[in-house]
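Trainee: Got a structure for you, written out below as structure tokens; questions coming shortly.
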Amino acid sequence: MEMEIVLDAARAIMQNNPDGLRDAMARGADVNSVVDCAFDDDGTPRVTASLLTIATSRDIFGRSRPPHACCELLVAAGADLTCANSAGLTPLCLACLKGCTTMVALFLAAGADPNYSTCPSKSPLLCAIY
């Protein structure tokens, strides 16, 4: 049951539905859940990511309107700002990589550590430079 609620939250994020995300959170979706969100042809999970990383990816690729509502909800609910996706990228790294200053400001204001990295080659600073 819990995973079903988390998947409802992930679907709401992918559909840019802050109300759906809010509803899933009210029903107990853990904002720090990590889900499989992309699969190889044989069904093997290729990408795992936290709900915040999914929302950040969704936002920075310009698909969301309003642009950052789901990220703002997750951050306000205490989502882990250091949770990296399976590629080693944190939400702050993703935002830096795409030059999304609004998201960078949101994460830094919420306490994201600009020096935190899951591996040296993927720090927020290096993502911002490249």
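Convention: chains lettered A, B, ... in structure tokens order; per-chain residue numbering from 1; ligands numbered from 1 as shown.
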List every residue of chain A that DSSP, applied to the backbone of this structure, assigns to strand (DSSP E), and report them as a list in words.

Mentor: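 The residues of chain A classed as strand (DSSP E) are Val34, Val35, Asp36, Cys37, Ala38, Phe39, Pro45, Arg46, Val47, Thr48, Ala49 and Ser50 of chain A.
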
Trainee: Within chain A, find each residue whose DSSP state, derived from the backbone, is alpha helix (DSSP H), and express the selection as an MDAnalysis selection string.

Mentor: chainID A and resid 2:14 18:26 51:60 69:76 91:97 101:109 124:129

Trainee: Could those selected residues go to a file with C-alpha atoms, as an mmCIF file, in the first residue's frame?

Mentor:
data_model
loop_
_atom_site.group_PDB
_atom_site.id
_atom_site.type_symbol
_atom_site.label_atom_id
_atom_site.label_comp_id
_atom_site.auth_asym_id
_atom_site.auth_seq_id
_atom_site.Cartn_x
_atom_site.Cartn_y
_atom_site.Cartn_z
ATOM 1 C CA GLU A 2 2.783 2.440 0.904
ATOM 2 C CA MET A 3 4.558 1.954 -2.441
ATOM 3 C CA GLU A 4 1.287 2.555 -4.267
ATOM 4 C CA ILE A 5 0.975 5.931 -2.544
ATOM 5 C CA VAL A 6 4.600 6.775 -3.404
ATOM 6 C CA LEU A 7 3.931 5.859 -7.041
ATOM 7 C CA ASP A 8 0.862 8.123 -6.937
ATOM 8 C CA ALA A 9 3.185 10.911 -5.773
ATOM 9 C CA ALA A 10 5.657 10.169 -8.583
ATOM 10 C CA ARG A 11 2.845 10.161 -11.167
ATOM 11 C CA ALA A 12 1.565 13.482 -9.827
ATOM 12 C CA ILE A 13 5.062 14.953 -10.206
ATOM 13 C CA MET A 14 5.400 13.658 -13.763
ATOM 14 C CA PRO A 18 0.900 19.705 -7.229
ATOM 15 C CA ASP A 19 -2.581 18.956 -5.887
ATOM 16 C CA GLY A 20 -2.106 15.251 -6.639
ATOM 17 C CA LEU A 21 1.295 15.345 -4.930
ATOM 18 C CA ARG A 22 -0.215 17.136 -1.938
ATOM 19 C CA ASP A 23 -2.927 14.442 -1.764
ATOM 20 C CA ALA A 24 -0.387 11.590 -1.921
ATOM 21 C CA MET A 25 1.650 13.262 0.829
ATOM 22 C CA ALA A 26 -1.482 13.628 2.950
ATOM 23 C CA LEU A 51 10.783 12.200 -5.578
ATOM 24 C CA LEU A 52 12.671 15.505 -5.292
ATOM 25 C CA THR A 53 15.173 14.457 -7.947
ATOM 26 C CA ILE A 54 12.309 13.462 -10.241
ATOM 27 C CA ALA A 55 10.608 16.802 -9.623
ATOM 28 C CA THR A 56 13.855 18.699 -10.212
ATOM 29 C CA SER A 57 14.473 16.839 -13.462
ATOM 30 C CA ARG A 58 10.911 17.542 -14.521
ATOM 31 C CA ASP A 59 11.235 21.237 -13.743
ATOM 32 C CA ILE A 60 14.608 21.913 -15.330
ATOM 33 C CA ALA A 69 5.466 23.893 -7.458
ATOM 34 C CA CYS A 70 6.211 20.210 -6.851
ATOM 35 C CA CYS A 71 9.807 20.914 -5.790
ATOM 36 C CA GLU A 72 8.637 23.618 -3.425
ATOM 37 C CA LEU A 73 6.108 21.235 -1.843
ATOM 38 C CA LEU A 74 8.701 18.505 -1.366
ATOM 39 C CA VAL A 75 11.313 20.875 0.066
ATOM 40 C CA ALA A 76 8.750 22.356 2.465
ATOM 41 C CA PRO A 91 18.783 17.919 -6.898
ATOM 42 C CA LEU A 92 21.259 20.791 -6.471
ATOM 43 C CA CYS A 93 23.636 19.208 -8.997
ATOM 44 C CA LEU A 94 20.803 18.827 -11.508
ATOM 45 C CA ALA A 95 19.744 22.438 -11.051
ATOM 46 C CA CYS A 96 23.362 23.630 -11.435
ATOM 47 C CA LEU A 97 23.913 21.440 -14.473
ATOM 48 C CA THR A 101 19.081 29.589 -10.819
ATOM 49 C CA THR A 102 15.587 29.597 -9.311
ATOM 50 C CA MET A 103 15.961 25.969 -8.277
ATOM 51 C CA VAL A 104 19.536 26.516 -7.067
ATOM 52 C CA ALA A 105 18.299 29.368 -4.872
ATOM 53 C CA LEU A 106 15.419 27.227 -3.525
ATOM 54 C CA PHE A 107 17.743 24.367 -2.570
ATOM 55 C CA LEU A 108 20.424 26.616 -1.058
ATOM 56 C CA ALA A 109 17.815 28.540 0.955
ATOM 57 C CA PRO A 124 27.308 21.135 -7.615
ATOM 58 C CA LEU A 125 30.209 23.471 -8.414
ATOM 59 C CA LEU A 126 31.523 21.245 -11.205
ATOM 60 C CA CYS A 127 27.990 20.788 -12.559
ATOM 61 C CA ALA A 128 27.580 24.571 -12.639
ATOM 62 C CA ILE A 129 30.865 25.061 -14.486
#

Trainee: Give me, as a list in words, all polymer residues having an atom no more than 8 Å from Thr90 of chain A, counting only C-alpha atoms and skipping those fewer than 6 positions away in the same chain.

Mentor: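 Once the adjacent positions are removed, what remains is Thr53, Leu81, Thr82, Cys83, Ala84, Ser117 and Thr118 of chain A.
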
Trainee: Restrict the selected residues to C-alpha atoms and save them as an mmCIF file, in the first residue's frame.

Mentor:
data_model
loop_
_atom_site.group_PDB
_atom_site.id
_atom_site.type_symbol
_atom_site.label_atom_id
_atom_site.label_comp_id
_atom_site.auth_asym_id
_atom_site.auth_seq_id
_atom_site.Cartn_x
_atom_site.Cartn_y
_atom_site.Cartn_z
ATOM 1 C CA THR A 53 15.173 14.457 -7.947
ATOM 2 C CA LEU A 81 18.384 17.569 -0.417
ATOM 3 C CA THR A 82 21.345 15.190 -0.587
ATOM 4 C CA CYS A 83 19.563 12.177 -2.071
ATOM 5 C CA ALA A 84 21.212 11.490 -5.431
ATOM 6 C CA SER A 117 28.710 15.398 -3.599
ATOM 7 C CA THR A 118 28.223 11.683 -3.975
#

Trainee: Can you tell me how far atom CA of Asp80 of chain A sits from atom CA of Asn32 of chain A, in Å to one decimal?

Mentor: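 Computing it gives 6.0 Å between the two atoms.
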
Trainee: Quote the spacing between atom CA of Val34 of chain A and atom CA of Asn85 of chain A in Å to one decimal place.

Mentor: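 Pair atom CA of Val34 of chain A / atom CA of Asn85 of chain A returns 8.4 Å.
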
Trainee: In Å, with one decimal, what is the gap from atom CA of Asp41 of chain A to atom CA of Gly88 of chain A?

Mentor: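 Result for atom CA of Asp41 of chain A versus atom CA of Gly88 of chain A: 22.3 Å, one decimal.
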
Trainee: Under the rule that only C-alpha atoms are counted, which of A:Ala29, A:Lys122, A:Asn16, A:Asp113 is the nearest residue to His68 of chain A?

Mentor: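 Nearest candidate to His68 of chain A out of A:Ala29, A:Lys122, A:Asn16, A:Asp113: A:Asn16.
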